[in-house]
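Visitor: This is the structure, below, for whatever I ask next.
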Amino acid sequence: MKASFVLLASQEVHNRIRKISWEFHQKYRTGTRHASLPPHISIKQPFTVSDLPALEEYMDELAISIQPFDVSLGELEIVPIPFDKYTEYGILWANVLETEILRGLHNRINEELNLRFGNSAGSFDGASFHFHMTIMMGGQLLSVYRRFQNELPASRIDMCYTVRELALFVYDEPMGPQSDYLCYKIVPIGNK
């Protein structure tokens, strides 16, 4: 099993992101499987874990230690996903303005998970990790994503919100287009 930690979107941001996702699907028939997970900002990429109760305990401790904070969404960007050496699919995401709080949280979680659970490195974790909120992923070739981006009336989300919830996502292995995944647990952040 793999797991990841994310910061959930506010209702207003959720609704805006899902509206764009639905319009994209309606026009380009990309599917909506990616929408099985709520809009979020990943702060820890999927990593292998075998003790889910211990991970939940860590999550509860982490959530209490974090206070609500603001994040800003900006420019829309298309990112290629290599499928094989001949094919690329796309991700449409909204960039998230990196802050000291976000970077510090990402680094802290990676450090603490390594201490508690051993090697928990995810594919894109570390200094080059790029904070973002996925709008649409896969379902069509990269060229379709680029065409959609060029047709958007505005190439920016320009929304800010206060992060108030931490979520734990779990995934079957091997991860891929047909694997199962879900939002396993949501907790409020901050002291109660």
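Residue numbering restarts at 1 for every chain of the structure tokens, chains are lettered A, B, ... in their displayed order, and ligands are numbered from 1 as they appear.
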Return as a tab-separated table the residues of range 119-174 of chain A lying at most 10 Å from range 95-115 of chain A, together with the closest atom-to-atom pair for each and the distance in Å to one decimal, counting only C-alpha atoms, with rows in chain order and ascending residue number.
Guide:
residue	atom	partner	partner_atom	distance
A:Asn119	CA	A:Asn114	CA	5.2
A:Ser120	CA	A:Asn114	CA	5.6
A:Ala121	CA	A:Asn110	CA	7.2
A:Gly122	CA	A:Asn110	CA	9.0
A:Asp125	CA	A:Asn110	CA	7.9
A:Gly126	CA	A:Asn107	CA	7.1
A:Ala127	CA	A:Asn107	CA	8.3
A:Phe129	CA	A:His106	CA	8.7
A:His130	CA	A:Glu98	CA	8.0
A:Phe131	CA	A:Val96	CA	5.3
A:His132	CA	A:Asn95	CA	4.6
A:Met133	CA	A:Asn95	CA	6.6
A:Thr134	CA	A:Asn95	CA	8.8
A:Arg156	CA	A:Asn95	CA	8.8
A:Ile157	CA	A:Asn95	CA	8.7
A:Asp158	CA	A:Asn95	CA	9.7
A:Met159	CA	A:Val96	CA	9.8
A:Cys160	CA	A:Val96	CA	9.5
Visitor: If you keep C-alpha atoms, can you produce a file of those selected residues as a PDB file, in the first residue's frame?
Guide:
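Ended up saving to out-v4.pdb:
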ATOM      1  CA  ASN A 119      12.642   5.131   3.820  1.00  0.00           C
ATOM      2  CA  SER A 120       9.487   6.990   2.816  1.00  0.00           C
ATOM      3  CA  ALA A 121      10.841   8.883  -0.175  1.00  0.00           C
ATOM      4  CA  GLY A 122       8.254   9.601  -2.858  1.00  0.00           C
ATOM      5  CA  ASP A 125       9.711  14.666  -2.884  1.00  0.00           C
ATOM      6  CA  GLY A 126      12.569  16.889  -1.841  1.00  0.00           C
ATOM      7  CA  ALA A 127      14.065  20.233  -2.757  1.00  0.00           C
ATOM      8  CA  PHE A 129       9.077  19.389  -5.189  1.00  0.00           C
ATOM      9  CA  HIS A 130       6.620  21.772  -6.892  1.00  0.00           C
ATOM     10  CA  PHE A 131       3.461  22.721  -4.975  1.00  0.00           C
ATOM     11  CA  HIS A 132       0.327  22.558  -7.123  1.00  0.00           C
ATOM     12  CA  MET A 133      -3.361  21.667  -7.227  1.00  0.00           C
ATOM     13  CA  THR A 134      -4.268  19.156  -9.945  1.00  0.00           C
ATOM     14  CA  ARG A 156      -4.783  31.881 -13.923  1.00  0.00           C
ATOM     15  CA  ILE A 157      -6.906  30.754 -10.988  1.00  0.00           C
ATOM     16  CA  ASP A 158      -5.934  33.674  -8.717  1.00  0.00           C
ATOM     17  CA  MET A 159      -7.584  32.397  -5.570  1.00  0.00           C
ATOM     18  CA  CYS A 160      -6.413  32.373  -1.972  1.00  0.00           C
TER      19      CYS A 160
END
Visitor: Residues of range 27-62 of chain A in strand (DSSP E or B) according to DSSP, as a list in words?
Guide: His40, Ile41, Ser42, Ile43, Lys44, Gln45, Pro46, Phe47 and Thr48 of chain A
Visitor: Give me a file of those residues, with C-alpha atoms, as a tab-separated table (two decimals), in the first residue's frame.
Guide:
chain	number	residue	atom	x	y	z
A	40	HIS	CA	-5.81	19.25	-2.79
A	41	ILE	CA	-2.23	20.40	-2.47
A	42	SER	CA	0.10	17.45	-1.99
A	43	ILE	CA	2.61	17.93	0.78
A	44	LYS	CA	3.93	14.35	0.78
A	45	GLN	CA	4.05	12.24	-2.36
A	46	PRO	CA	2.88	8.61	-2.23
A	47	PHE	CA	5.20	6.36	-0.24
A	48	THR	CA	5.09	2.70	0.78
Visitor: Give me, as a ChimeraX atom specification, all polymer residues having an atom no more than 12 Å from Lys2 in chain A, counting only C-alpha atoms and skipping those fewer than 4 positions away in the same chain.
Guide: /A:44-52,55,120-123,168-176,179-182,184
Visitor: Check the smallest atom-to-atom distance from each of A:Val6, A:Leu76, A:Val187, A:Ile81 to Ile135 in chain A using only C-alpha atoms, then report the winner.
Guide: A:Leu76
